[in-house]
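Colleague: Okay, so here is query35.cif, and as you'll see once you scroll down, it has mmCIF, C-alpha atoms.
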```
data_coords
loop_
_atom_site.label_atom_id
_atom_site.label_comp_id
_atom_site.auth_asym_id
_atom_site.auth_seq_id
_atom_site.Cartn_x
_atom_site.Cartn_y
_atom_site.Cartn_z
CA MET A 30 211.34 52.77 152.94
CA LYS A 31 211.95 56.33 151.87
CA LEU A 32 215.07 57.64 150.23
CA ASP A 33 216.13 61.25 149.84
CA VAL A 34 215.51 62.63 146.37
CA ARG A 35 219.15 63.64 145.89
CA CYS A 36 220.30 60.11 146.63
CA LYS A 37 217.77 58.88 144.10
CA PHE A 38 219.28 61.12 141.44
CA LEU A 39 222.75 59.82 142.19
CA ILE A 40 221.55 56.22 141.93
CA LEU A 41 219.78 57.02 138.65
CA ILE A 42 223.02 58.27 137.15
CA ALA A 43 224.91 55.23 138.45
CA ILE A 44 222.34 52.85 136.95
CA SER A 45 222.39 54.57 133.54
CA VAL A 46 226.17 54.37 133.38
CA ILE A 47 226.45 50.77 134.56
CA ALA A 48 223.52 49.36 132.59
CA PHE A 49 225.06 50.77 129.44
CA SER A 50 228.35 48.96 129.92
CA THR A 51 227.00 45.61 131.11
CA LYS A 52 225.16 44.23 128.12
CA ASP A 53 225.93 40.52 128.44
CA VAL A 54 223.28 38.28 129.90
CA PHE A 55 225.05 37.35 133.12
CA TYR A 56 226.23 40.74 134.31
CA GLY A 57 223.16 42.46 132.95
CA SER A 58 221.05 40.14 135.08
CA LEU A 59 223.19 40.93 138.11
CA VAL A 60 222.57 44.64 137.63
CA PHE A 61 218.90 43.97 137.08
CA SER A 62 218.57 41.97 140.28
CA LEU A 63 220.30 44.74 142.25
CA VAL A 64 217.83 47.26 140.86
CA CYS A 65 214.96 44.91 141.69
CA LEU A 66 216.16 44.70 145.28
CA LEU A 67 216.26 48.48 145.56
CA THR A 68 212.82 49.07 144.02
CA PHE A 69 211.42 46.35 146.26
CA LEU A 70 212.86 48.15 149.27
CA LEU A 71 211.34 51.40 148.03
CA GLY A 72 207.94 49.75 148.28
CA GLN A 73 207.16 48.95 144.65
CA GLY A 74 206.84 45.19 145.15
CA ARG A 75 204.11 44.52 142.60
CA LYS A 76 205.85 46.39 139.81
CA THR A 77 209.10 44.63 140.62
CA VAL A 78 207.46 41.20 140.38
CA LYS A 79 205.96 42.13 137.00
CA TYR A 80 209.36 43.20 135.70
CA ILE A 81 211.06 40.08 137.03
CA ILE A 82 208.56 37.85 135.22
CA THR A 83 209.05 39.77 131.96
CA TYR A 84 212.78 39.51 132.40
CA LEU A 85 212.66 35.76 132.93
CA VAL A 86 210.58 35.38 129.76
CA LEU A 87 213.21 37.37 127.84
CA VAL A 88 216.04 35.25 129.20
CA ALA A 89 214.08 32.16 128.19
CA PHE A 90 213.92 33.63 124.68
CA ILE A 91 217.68 33.99 124.58
CA LEU A 92 218.16 30.42 125.73
CA LEU A 93 215.65 29.10 123.19
CA ALA A 94 217.06 31.21 120.35
CA LYS A 95 219.16 28.27 119.15
CA HIS A 96 216.10 26.55 117.78
CA VAL A 97 214.95 29.45 115.62
CA PRO A 98 216.06 29.98 111.99
CA THR A 99 219.14 32.19 111.66
CA PHE A 100 217.54 35.22 110.10
CA LEU A 101 214.69 35.40 112.59
CA ARG A 102 217.09 34.77 115.44
CA GLY A 103 219.12 37.87 114.69
CA MET A 104 215.96 39.92 114.76
CA ILE A 105 214.60 38.44 117.96
CA LEU A 106 217.90 38.73 119.79
CA MET A 107 218.21 42.36 118.74
CA ILE A 108 214.77 43.23 120.10
CA VAL A 109 215.34 41.20 123.25
CA LEU A 110 218.67 42.94 123.78
CA CYS A 111 217.11 46.38 123.42
CA ILE A 112 214.32 45.60 125.85
CA ARG A 113 216.58 43.84 128.32
CA MET A 114 219.00 46.78 128.37
CA CYS A 115 216.22 49.25 129.07
CA MET A 116 214.58 47.22 131.81
CA PRO A 117 216.68 48.14 134.86
CA ILE A 118 216.43 51.83 134.02
CA ALA A 119 212.75 51.65 133.16
CA LEU A 120 212.00 49.89 136.43
CA TYR A 121 214.01 52.36 138.47
CA GLY A 122 212.64 55.34 136.53
CA GLN A 123 209.04 54.29 137.12
CA THR A 124 209.73 53.70 140.79
CA PHE A 125 211.37 57.11 140.98
CA MET A 126 208.32 58.78 139.46
CA LYS A 127 205.90 56.82 141.65
CA THR A 128 207.69 57.49 144.94
CA THR A 129 208.70 61.14 144.39
CA PRO A 130 206.13 63.94 144.20
CA VAL A 131 207.08 66.70 141.73
CA SER A 132 207.30 69.30 144.50
CA GLU A 133 209.86 67.19 146.36
CA MET A 134 211.84 66.66 143.18
CA VAL A 135 211.89 70.39 142.40
CA THR A 136 213.04 71.19 145.92
CA GLY A 137 215.77 68.59 145.59
CA LEU A 138 216.95 70.03 142.30
CA TYR A 139 217.08 73.53 143.72
CA ALA A 140 219.02 72.18 146.69
CA LEU A 141 221.54 70.77 144.22
CA HIS A 142 222.00 74.30 142.78
CA ILE A 143 220.78 73.36 139.32
CA PRO A 144 220.00 76.55 137.31
CA ARG A 145 216.38 77.72 137.50
CA GLY A 146 215.76 77.30 133.79
CA PHE A 147 216.59 73.64 133.88
CA VAL A 148 214.55 72.97 137.02
CA ILE A 149 211.40 74.58 135.63
CA THR A 150 211.80 72.93 132.24
CA PHE A 151 212.44 69.58 133.84
CA ALA A 152 209.49 69.82 136.22
CA VAL A 153 207.12 70.84 133.43
CA ALA A 154 208.40 68.01 131.25
CA MET A 155 207.87 65.44 134.00
CA ARG A 156 204.35 66.65 134.68
CA PHE A 157 203.50 66.74 130.98
CA PHE A 158 204.11 63.05 130.17
CA PRO A 159 200.69 61.84 131.44
CA THR A 160 198.95 64.82 129.81
CA ALA A 161 200.60 64.03 126.48
CA LYS A 162 199.35 60.47 126.73
CA GLU A 163 195.81 61.65 127.40
CA GLU A 164 195.88 64.16 124.54
CA PHE A 165 197.18 61.50 122.22
CA GLY A 166 194.23 59.27 123.15
CA HIS A 167 191.76 62.04 122.31
CA ILE A 168 193.44 62.72 118.97
CA ARG A 169 193.39 59.06 118.08
CA ASP A 170 189.67 58.89 118.82
CA ALA A 171 189.01 61.94 116.68
CA MET A 172 191.09 60.50 113.84
CA THR A 173 189.16 57.23 113.96
CA LEU A 174 185.92 59.21 113.83
CA ARG A 175 187.09 60.96 110.66
CA GLY A 176 188.13 57.69 109.03
CA ILE A 177 191.91 58.11 109.21
CA ASN A 178 192.56 55.79 112.12
CA LEU A 179 196.14 54.89 112.97
CA SER A 180 196.22 51.48 111.29
CA VAL A 181 199.10 50.00 109.34
CA ALA A 182 197.03 50.08 106.16
CA ASN A 183 196.27 53.78 106.53
CA VAL A 184 199.84 54.71 107.37
CA LEU A 185 201.09 52.88 104.29
CA ARG A 186 198.37 54.10 101.93
CA ARG A 187 198.22 57.79 102.81
CA PRO A 188 201.07 58.67 105.17
CA ALA A 189 200.85 62.40 104.49
CA LEU A 190 197.21 62.64 105.52
CA VAL A 191 197.72 60.53 108.67
CA PHE A 192 200.79 62.56 109.62
CA GLU A 193 199.00 65.85 109.15
CA GLY A 194 195.93 64.63 110.99
CA LEU A 195 198.08 63.55 113.92
CA MET A 196 200.57 66.39 114.09
CA THR A 197 198.31 69.40 113.65
CA PRO A 198 195.98 68.75 116.60
CA LEU A 199 198.87 67.51 118.73
CA LEU A 200 200.84 70.71 118.16
CA VAL A 201 197.86 73.01 118.48
CA ARG A 202 196.78 71.35 121.74
CA SER A 203 200.25 71.58 123.24
CA PHE A 204 200.43 75.17 122.10
CA THR A 205 197.23 75.93 124.01
CA ILE A 206 198.30 73.96 127.08
CA ALA A 207 201.62 75.81 127.15
CA GLU A 208 199.79 79.14 127.03
CA GLU A 209 197.39 78.20 129.82
CA LEU A 210 200.09 76.73 132.00
CA SER A 211 202.32 79.79 131.63
CA ALA A 212 199.44 82.10 132.49
CA ALA A 213 198.64 80.01 135.56
CA SER A 214 202.22 79.79 136.80
CA ILE A 215 203.12 83.41 136.13
CA THR A 216 200.17 84.50 138.26
CA ARG A 217 201.60 82.25 140.96
CA GLY A 218 204.93 84.01 140.79
CA LEU A 219 207.04 81.81 138.55
CA ASP A 220 209.06 84.77 137.35
CA ASN A 221 209.68 86.04 140.86
CA PRO A 222 213.46 86.39 141.16
CA ALA A 223 213.50 85.89 144.96
CA PRO A 224 214.85 82.57 146.29
CA ARG A 225 212.25 79.85 146.30
CA THR A 226 210.80 78.69 149.59
CA ALA A 227 209.52 75.18 149.95
CA PHE A 228 206.87 73.45 151.99
CA VAL A 229 208.72 70.15 151.71
CA ARG A 230 211.74 69.80 153.98
CA LEU A 231 214.50 67.53 152.79
CA HIS A 232 216.76 65.65 155.14
CA VAL A 233 219.54 63.31 154.21
CA THR A 234 219.79 60.76 157.00
CA MET A 235 222.66 58.42 157.71
CA LEU A 236 220.50 55.56 156.44
CA ASP A 237 220.08 57.33 153.07
CA ILE A 238 223.80 57.78 152.73
CA ALA A 239 224.54 54.22 153.77
CA ILE A 240 222.06 52.72 151.31
CA THR A 241 223.24 54.93 148.45
CA ILE A 242 226.88 54.12 149.03
CA LEU A 243 226.18 50.40 149.36
CA PHE A 244 224.10 50.33 146.23
CA VAL A 245 226.43 52.38 144.05
CA ALA A 246 229.38 50.33 145.31
CA ALA A 247 227.54 47.11 144.45
CA LEU A 248 226.84 48.41 140.94
CA PHE A 249 230.44 49.36 140.35
CA GLY A 250 231.45 46.03 141.87
CA VAL A 251 229.55 44.27 139.10
CA LEU A 252 231.43 46.35 136.55
CA TRP A 253 234.73 45.53 138.25
CA LEU A 254 233.97 41.82 138.25
CA ARG A 255 233.11 42.02 134.57
CA GLU A 256 236.43 43.67 133.75
CA ASN A 257 238.64 41.53 135.96
CA GLY A 258 236.78 38.23 135.99
CA TRP A 259 235.98 35.99 138.89
CA GLY A 260 239.08 33.91 138.45
CA TRP A 261 237.72 30.80 140.00
CA TRP A 262 234.03 30.65 139.21
CA VAL A 263 233.27 31.86 135.70
CA ASP A 264 235.92 31.90 133.03
CA MET B 21 219.13 93.72 128.55
CA ASN B 22 216.28 93.61 126.13
CA GLN B 23 212.98 92.09 127.20
CA ASN B 24 212.96 89.69 124.28
CA THR B 25 216.40 88.22 124.68
CA THR B 26 216.20 86.61 128.11
CA LEU B 27 214.44 83.35 128.78
CA LYS B 28 211.52 83.66 131.19
CA GLY B 29 209.07 81.33 132.87
CA ARG B 30 206.86 81.16 129.81
CA ASP B 31 209.75 80.02 127.64
CA PHE B 32 210.79 77.34 130.10
CA ILE B 33 207.26 75.96 130.11
CA ASN B 34 207.21 75.90 126.31
CA LEU B 35 210.56 74.15 126.31
CA GLY B 36 209.37 71.53 128.78
CA ILE B 37 206.18 70.72 126.94
CA PHE B 38 207.58 70.60 123.43
CA THR B 39 210.62 68.62 124.51
CA VAL B 40 208.31 65.94 125.90
CA ILE B 41 206.33 65.72 122.67
CA PHE B 42 209.56 65.68 120.68
CA ILE B 43 211.00 62.86 122.75
CA VAL B 44 207.82 60.79 122.65
CA LEU B 45 207.54 61.05 118.86
CA PHE B 46 211.24 60.35 118.44
CA MET B 47 211.15 57.31 120.71
CA VAL B 48 208.11 55.83 118.97
CA CYS B 49 209.89 56.12 115.61
CA MET B 50 213.09 54.60 117.02
CA LEU B 51 211.18 51.68 118.52
CA LEU B 52 209.27 50.99 115.31
CA MET B 53 212.45 51.06 113.26
CA SER B 54 214.49 48.89 115.60
CA THR B 55 212.28 45.86 115.11
CA THR B 56 214.58 44.66 112.32
CA ILE B 57 218.34 45.00 112.28
CA TYR B 58 218.27 46.35 108.71
CA THR B 59 216.11 49.35 109.48
CA GLN B 60 217.49 50.01 112.96
CA PRO B 61 220.21 52.48 111.86
CA PHE B 62 217.49 54.56 110.19
CA GLY B 63 215.60 55.04 113.44
CA THR B 64 217.05 58.50 114.02
CA ALA B 65 216.22 59.48 110.44
CA ALA B 66 212.57 58.51 110.92
CA GLY B 67 212.48 60.27 114.27
CA ALA B 68 214.06 63.42 112.85
CA LEU B 69 211.51 63.48 110.04
CA ALA B 70 208.49 62.99 112.28
CA ALA B 71 209.57 65.28 115.09
CA GLY B 72 210.73 68.12 112.83
CA PRO B 73 207.50 70.15 113.14
CA VAL B 74 207.66 69.94 116.94
CA TYR B 75 211.17 71.34 117.01
CA MET B 76 210.40 74.11 114.55
CA LEU B 77 207.28 75.14 116.45
CA LEU B 78 209.35 75.26 119.63
CA ARG B 79 211.88 77.46 117.86
CA ALA B 80 209.12 79.73 116.57
CA LYS B 81 207.73 80.08 120.11
CA THR B 82 211.02 80.65 121.90
CA SER B 83 213.36 82.32 119.44
CA LYS B 84 215.79 83.46 122.14
CA PRO B 85 219.41 82.72 123.02
CA TRP B 86 220.16 79.49 124.91
CA ALA B 87 216.82 77.86 124.17
CA ILE B 88 218.41 75.28 121.85
CA THR B 89 221.08 74.50 124.43
CA ILE B 90 218.52 73.85 127.16
CA PHE B 91 216.53 71.70 124.75
CA GLY B 92 219.68 69.78 123.83
CA VAL B 93 220.70 69.16 127.43
CA LEU B 94 217.25 67.98 128.44
CA TYR B 95 216.86 65.79 125.37
CA GLY B 96 220.35 64.36 125.76
CA LEU B 97 219.76 63.63 129.45
CA VAL B 98 216.54 61.78 128.74
CA MET B 99 218.23 59.71 126.01
CA PHE B 100 221.11 59.06 128.40
CA VAL B 101 218.84 57.89 131.20
CA MET B 102 216.97 55.64 128.77
CA GLY B 103 220.17 53.65 128.54
CA SER B 104 221.83 54.87 125.37
CA GLY B 105 225.03 55.64 127.24
CA TRP B 106 227.23 58.70 127.48
CA PRO B 107 228.20 59.02 123.77
CA ILE B 108 224.73 60.22 122.93
CA LEU B 109 224.71 62.77 125.74
CA ALA B 110 228.00 64.28 124.59
CA ALA B 111 227.01 64.22 120.91
CA VAL B 112 223.60 65.80 121.47
CA ILE B 113 224.98 68.61 123.62
CA ALA B 114 227.73 69.32 121.07
CA GLY B 115 225.13 69.28 118.27
CA ALA B 116 222.88 71.63 120.22
CA LEU B 117 225.72 74.09 120.74
CA ILE B 118 226.53 74.10 117.03
CA ALA B 119 222.84 74.57 116.21
CA GLU B 120 222.76 77.41 118.72
CA LEU B 121 225.68 79.14 117.01
CA ILE B 122 224.14 78.76 113.56
CA ALA B 123 220.80 80.10 114.75
CA ARG B 124 222.58 82.97 116.50
CA SER B 125 224.23 84.02 113.25
CA GLY B 126 220.74 84.76 111.93
CA GLN B 127 219.62 86.51 115.14
CA TYR B 128 217.29 83.50 115.75
CA GLN B 129 214.99 84.83 113.04
CA LYS B 130 215.95 82.89 109.92
CA TYR B 131 214.01 79.73 109.18
CA GLY B 132 216.73 78.37 106.90
CA ARG B 133 219.43 78.59 109.55
CA GLU B 134 217.18 77.02 112.14
CA SER B 135 216.56 74.05 109.86
CA ILE B 136 220.26 73.57 109.14
CA GLY B 137 220.88 73.69 112.88
CA TYR B 138 218.20 71.07 113.43
CA ALA B 139 219.70 68.83 110.74
CA ILE B 140 223.10 69.08 112.45
CA LEU B 141 221.60 68.35 115.86
CA MET B 142 219.91 65.23 114.50
CA THR B 143 223.06 64.11 112.71
CA ALA B 144 224.90 64.41 116.01
CA THR B 145 222.20 62.30 117.67
CA ALA B 146 222.63 59.68 114.97
CA ILE B 147 226.39 59.57 115.43
CA GLY B 148 225.98 59.37 119.20
CA SER B 149 223.58 56.47 118.95
CA TYR B 150 225.78 54.47 116.57
CA VAL B 151 228.77 54.36 118.87
CA PRO B 152 226.95 51.82 121.08
CA LEU B 153 226.01 49.89 117.95
CA LEU B 154 229.70 49.41 117.25
CA THR B 155 230.25 48.02 120.72
CA MET B 156 227.23 45.83 120.18
CA LYS B 157 229.20 44.27 117.36
CA GLU B 158 231.34 42.54 119.99
CA TYR B 159 228.24 41.36 121.74
CA TYR B 160 226.92 39.87 118.53
CA ARG B 161 230.14 38.11 117.76
CA GLN B 162 230.17 36.60 121.22
CA LEU B 163 226.55 35.57 120.91
CA ALA B 164 227.18 33.93 117.56
CA GLU B 165 230.09 32.01 119.04
CA THR B 166 228.21 30.74 122.04
CA ASN B 167 225.28 29.67 119.92
CA SER B 168 227.76 28.03 117.55
CA VAL B 169 225.42 28.02 114.57
CA ASP B 170 225.99 29.95 111.34
CA ASN B 171 228.86 32.05 112.52
CA GLU B 172 229.47 33.04 108.94
CA PHE B 173 226.11 34.64 108.41
CA MET B 174 226.23 36.58 111.66
CA ALA B 175 229.74 37.87 111.01
CA GLN B 176 228.79 39.01 107.52
CA LEU B 177 225.69 40.74 108.80
CA VAL B 178 227.56 42.56 111.53
CA GLU B 179 230.29 43.66 109.12
CA PHE B 180 227.71 44.93 106.66
CA ILE B 181 225.75 46.85 109.26
CA SER B 182 228.71 48.49 110.92
CA GLY B 183 230.47 49.65 107.73
CA PRO B 184 229.20 51.90 104.95
CA TYR B 185 225.64 51.26 106.05
CA LEU B 186 226.08 53.53 109.06
CA VAL B 187 227.54 56.31 106.94
CA LEU B 188 224.53 56.04 104.67
CA ALA B 189 222.26 56.19 107.70
CA ILE B 190 223.96 59.35 108.95
CA VAL B 191 223.58 61.06 105.56
CA VAL B 192 219.93 59.98 105.40
CA THR B 193 219.38 61.41 108.88
CA PHE B 194 220.70 64.79 107.79
CA ILE B 195 218.43 64.84 104.74
CA ALA B 196 215.42 63.55 106.67
CA ALA B 197 215.81 66.22 109.34
CA PHE B 198 215.95 68.89 106.66
CA VAL B 199 212.88 67.49 104.91
CA GLY B 200 211.16 67.41 108.31
CA THR B 201 211.62 71.15 108.67
CA LEU B 202 210.26 71.69 105.15
CA ILE B 203 207.18 69.68 106.09
CA ALA B 204 206.93 71.77 109.24
CA ARG B 205 206.97 74.93 107.15
CA ALA B 206 204.16 73.68 104.94
CA LEU B 207 202.19 72.60 108.00
CA PHE B 208 202.63 75.99 109.67
CA LYS B 209 201.57 77.85 106.54
CA LYS B 210 198.53 75.66 106.06
CA HIS B 211 197.24 75.56 109.62
CA PHE B 212 199.06 77.68 112.17
CA VAL B 213 199.18 81.02 110.42
CA LYS B 214 195.55 80.63 109.41
CA ALA B 215 194.51 79.84 112.98
CA GLY B 216 196.44 82.86 114.22
CA LEU B 217 198.80 80.82 116.40
CA LEU B 218 201.89 81.99 114.54
CA LYS B 219 202.08 85.43 113.00
CA GLU B 220 204.05 84.48 109.92
CA VAL B 221 206.54 81.88 108.81
CA ARG B 222 209.85 83.50 108.04
#
```
For the structure just supplied, provide its representation as structure tokens.
Modeller:
Amino acid sequence: MKLDVRCKFLILIAISVIAFSTKDVFYGSLVFSLVCLLTFLLGQGRKTVKYIITYLVLVAFILLAKHVPTFLRGMILMIVLCIRMCMPIALYGQTFMKTTPVSEMVTGLYALHIPRGFVITFAVAMRFFPTAKEEFGHIRDAMTLRGINLSVANVLRRPALVFEGLMTPLLVRSFTIAEELSAASITRGLDNPAPRTAFVRLHVTMLDIAITILFVAALFGVLWLRENGWGWWVD
Amino acid sequence: MNQNTTLKGRDFINLGIFTVIFIVLFMVCMLLMSTTIYTQPFGTAAGALAAGPVYMLLRAKTSKPWAITIFGVLYGLVMFVMGSGWPILAAVIAGALIAELIARSGQYQKYGRESIGYAILMTATAIGSYVPLLTMKEYYRQLAETNSVDNEFMAQLVEFISGPYLVLAIVVTFIAAFVGTLIARALFKKHFVKAGLLKEVR
């Protein structure tokens, strides 16, 4: 199933708002299962299954937490809470990135009348995440070669050297990449003030609208239930 | 309008790239620090310290009006989408505007004013990320009740964390951000000026 990019943005905002205010296990799980349903519909079945399994393991942790010493329990529950809160958004975010090409996203943002500066910055940022990962891998290899690998021992023993060895190449590389990318995009007319034309055509169909409304309503429904209670089922 | 005072394509690309690196470094620090509840409030401090050079390099590259605001909005939006809630979005944007004003008072050329602006931006981030921690207090209390073991300990812990400890964390964040910019200055002098990437550190 395909969903229009503007609807996806709306759903993203809805999920971030709702996931933040439903932290307890029960309602959090409800939100999570709604998100799972959506990502499954968007064709990311394998990823969804992976996330569901992780989620079940985390819930098992919470249920088993009784049998752990008090001090450790606080720690574990804190970590579990952080991960569990991020999971619906992480799942949806990854699905978003997987199912939306950057060109489509940029067209969508322009169609929403977002200022140019933000659109360009946003698009570059989105494209740069994988590059940053790759660069980081190279730097880590080089650091290992020079004997300042990123191990706990090294970080504790000589933090200044490790920090310098990591930051300098990282910054210099991004500096160079920024230069090259600007040269490339300016030659392609990035600074052209004329309105942008797009190869991708966006259409919001009735199905898109229906799904978005249903989904956002379901999310807010969870919030409503949490505030007002079920009355007869859960106290 | 002067050529050097409007943001152009090149500046937007710089903003995009350095914001990503900033966010990645910041997030890694936050994650490492949040493994224990005692160090969790200091996550922003660690992030501010580590990501200081990235911010200052970005400022050196795009010393123009509105650059800090765009950075703040993008950074706040990413933090918001990651599930930190709306307080952080509001706080980061407010912090970015204050930083923008401070930098503007030095015509975007004074290193000292840029670092104070950065420290304020990071302090705002810290404040924004502790508001959810206070609501988490309720969650903890509830959790302790349902698990029905050692209520006392949990309650004490939560009280301790949410009181003066947070104030301390906010102060530490301010100092750490400032120290981060000092480290950045040393790093620039040692490597960037020598390599010809930056002309001089003001």
Colleague: Counting only C-alpha atoms, which of B:Ile113, B:Val101, B:Phe91, B:Leu52 gets nearest to A:Ile44?
Modeller: B:Val101
Colleague: With chain A as the partner and 6 Å as the cut-off, tabulate the residues of chain B that qualify, each row holding the nearest pair of atoms and their distance in Å to one decimal, using all atoms listed in the file, sorted by chain and rising number, as a tab-separated table.
Modeller:
```
residue	atom	partner	partner_atom	distance
B:Gly29	CA	A:Asp220	CA	5.6
B:Arg30	CA	A:Ser211	CA	5.1
B:Phe32	CA	A:Thr150	CA	5.0
B:Ile33	CA	A:Thr150	CA	5.9
B:Asn34	CA	A:Ala207	CA	5.7
B:Gly36	CA	A:Ala154	CA	4.4
B:Ile37	CA	A:Ala154	CA	5.6
B:Val40	CA	A:Ala154	CA	5.7
B:Thr56	CA	A:Met104	CA	5.5
B:Val101	CA	A:Ser45	CA	5.4
B:Gly103	CA	A:Ser45	CA	5.5
B:Gly105	CA	A:Phe49	CA	5.3
```
Colleague: Just the number, please: distance in Å from atom CA of A:Phe125 to atom CA of A:Lys37, one decimal.
Modeller: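 That distance, rounded to one decimal, is 7.3 Å.
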Colleague: List, as a list in words, every residue that the PyMOL selection byres ((chain A and resi 76) around 12) selects in the file provided.
Modeller: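 Taken over the shown coordinates, the PyMOL selection byres ((chain A and resi 76) around 12) returns Cys65, Leu66, Thr68, Phe69, Leu70, Leu71, Gly72, Gln73, Gly74, Arg75, Thr77, Val78, Lys79, Tyr80, Ile81, Ile82, Thr83, Met116, Ala119, Leu120, Tyr121, Gly122, Gln123, Thr124 and Lys127 of chain A.
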Colleague: Please identify all polymer residues within 8 Å of B:Lys209, counting only C-alpha atoms, omitting same-chain residues fewer than 4 positions from it, and present them as a PDB file with C-alpha atoms, in the coordinates of the input.
Modeller:
```pdb
ATOM      1  CA  ARG B 205     206.970  74.930 107.150  1.00  0.00           C
ATOM      2  CA  VAL B 213     199.180  81.020 110.420  1.00  0.00           C
ATOM      3  CA  LYS B 214     195.550  80.630 109.410  1.00  0.00           C
ATOM      4  CA  GLU B 220     204.050  84.480 109.920  1.00  0.00           C
ATOM      5  CA  VAL B 221     206.540  81.880 108.810  1.00  0.00           C
TER       6      VAL B 221
END
```
Colleague: With all atoms of stretch 125-143 of chain B from the file as input, state the centre and edge lengths in Å to one decimal of the axis-aligned box that has 6 Å extra on each side, as lines of an AutoDock Vina configuration file.
Modeller:
```
center_x = 219.1
center_y = 75.3
center_z = 111.4
size_x = 22.2
size_y = 34.4
size_z = 21.0
```
Colleague: Would you kindly return, as a list in words, each protein, DNA or RNA residue with an atom no farther than 12 Å from any atom of A:Asn183, considering only C-alpha atoms and excluding same-chain residues fewer than 5 positions away?
Modeller: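 Here the qualifying residues turn out to be Met172, Thr173, Gly176, Ile177, Asn178, Pro188, Ala189, Leu190, Val191, Phe192 and Gly194 of chain A.
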Colleague: Determine the residue membership of the PyMOL selection byres ((chain B and resi 68-82) around 7) for the file above and supply it as JSON, numbers by chain.
Modeller: {"A": [200], "B": [31, 35, 38, 42, 45, 46, 64, 65, 66, 67, 83, 84, 87, 142, 193, 196, 197, 199, 200, 201, 204]}
Colleague: Env of B:Leu109: 8 Å cut, atoms = all atoms listed in the file, seq-sep filter 6 positions within chain, self excluded. Answer as a ChimeraX atom specification.
Modeller: /B:93,96-97,99-100,148
Colleague: Can I get the selection written as a PDB file, in the frame of the given file, with C-alpha atoms?
Modeller:
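Result saved to selection-v5.pdb:
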```
ATOM      1  CA  VAL B  93     220.700  69.160 127.430  1.00  0.00           C
ATOM      2  CA  GLY B  96     220.350  64.360 125.760  1.00  0.00           C
ATOM      3  CA  LEU B  97     219.760  63.630 129.450  1.00  0.00           C
ATOM      4  CA  MET B  99     218.230  59.710 126.010  1.00  0.00           C
ATOM      5  CA  PHE B 100     221.110  59.060 128.400  1.00  0.00           C
ATOM      6  CA  GLY B 148     225.980  59.370 119.200  1.00  0.00           C
TER       7      GLY B 148
END
```
Colleague: Taking the file as shown, what set of residues would the PyMOL selection byres ((chain B and resi 132) around 10) give back, as a PyMOL selection string?
Modeller: chain B and resi 122-123+126+129-131+133-138+198+201-202+222
Colleague: Using only C-alpha atoms, please write the residues we just selected to a file, as a compact mmCIF listing (two decimals), in the frame of the given file.
Modeller:
```txt
# COMPACT_ATOMS: atom_id res chain seq x y z
CA ILE B 122 224.14 78.76 113.56
CA ALA B 123 220.80 80.10 114.75
CA GLY B 126 220.74 84.76 111.93
CA GLN B 129 214.99 84.83 113.04
CA LYS B 130 215.95 82.89 109.92
CA TYR B 131 214.01 79.73 109.18
CA ARG B 133 219.43 78.59 109.55
CA GLU B 134 217.18 77.02 112.14
CA SER B 135 216.56 74.05 109.86
CA ILE B 136 220.26 73.57 109.14
CA GLY B 137 220.88 73.69 112.88
CA TYR B 138 218.20 71.07 113.43
CA PHE B 198 215.95 68.89 106.66
CA THR B 201 211.62 71.15 108.67
CA LEU B 202 210.26 71.69 105.15
CA ARG B 222 209.85 83.50 108.04
```
Colleague: What does the structure give for the distance between atom CA of A:Phe38 and atom CA of A:His142, in Å to one decimal?
Modeller: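 Distance reported for this atom pair: 13.5 Å.
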Colleague: One decimal, in Å: what's the spacing between atom CA of B:Leu94 and atom CA of B:Gly63?
Modeller: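 Atom CA of B:Gly63 lies at a distance of 19.9 Å from atom CA of B:Leu94.
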Colleague: Starting from the incomplete input, reconstruct N, CA, C and O atoms of stretch 208-213 of chain B and report them as an mmCIF file, in the coordinates of the input.
Modeller:
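So part.cif came out as:
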```cif
data_model
loop_
_atom_site.group_PDB
_atom_site.id
_atom_site.type_symbol
_atom_site.label_atom_id
_atom_site.label_comp_id
_atom_site.auth_asym_id
_atom_site.auth_seq_id
_atom_site.Cartn_x
_atom_site.Cartn_y
_atom_site.Cartn_z
ATOM 1 N N PHE B 208 202.865 74.706 109.007
ATOM 2 C CA PHE B 208 202.630 75.990 109.670
ATOM 3 C C PHE B 208 201.836 76.914 108.769
ATOM 4 O O PHE B 208 200.898 77.575 109.201
ATOM 5 N N LYS B 209 202.240 76.959 107.481
ATOM 6 C CA LYS B 209 201.570 77.850 106.540
ATOM 7 C C LYS B 209 200.117 77.462 106.393
ATOM 8 O O LYS B 209 199.232 78.299 106.309
ATOM 9 N N LYS B 210 199.881 76.125 106.344
ATOM 10 C CA LYS B 210 198.530 75.660 106.060
ATOM 11 C C LYS B 210 197.610 75.846 107.257
ATOM 12 O O LYS B 210 196.444 76.173 107.082
ATOM 13 N N HIS B 211 198.135 75.571 108.473
ATOM 14 C CA HIS B 211 197.240 75.560 109.620
ATOM 15 C C HIS B 211 197.497 76.667 110.628
ATOM 16 O O HIS B 211 196.562 77.320 111.077
ATOM 17 N N PHE B 212 198.777 76.859 110.996
ATOM 18 C CA PHE B 212 199.060 77.680 112.170
ATOM 19 C C PHE B 212 198.879 79.160 111.908
ATOM 20 O O PHE B 212 198.365 79.883 112.749
ATOM 21 N N VAL B 213 199.325 79.607 110.732
ATOM 22 C CA VAL B 213 199.180 81.020 110.420
ATOM 23 C C VAL B 213 197.698 81.348 110.268
ATOM 24 O O VAL B 213 197.199 82.360 110.764
#
```
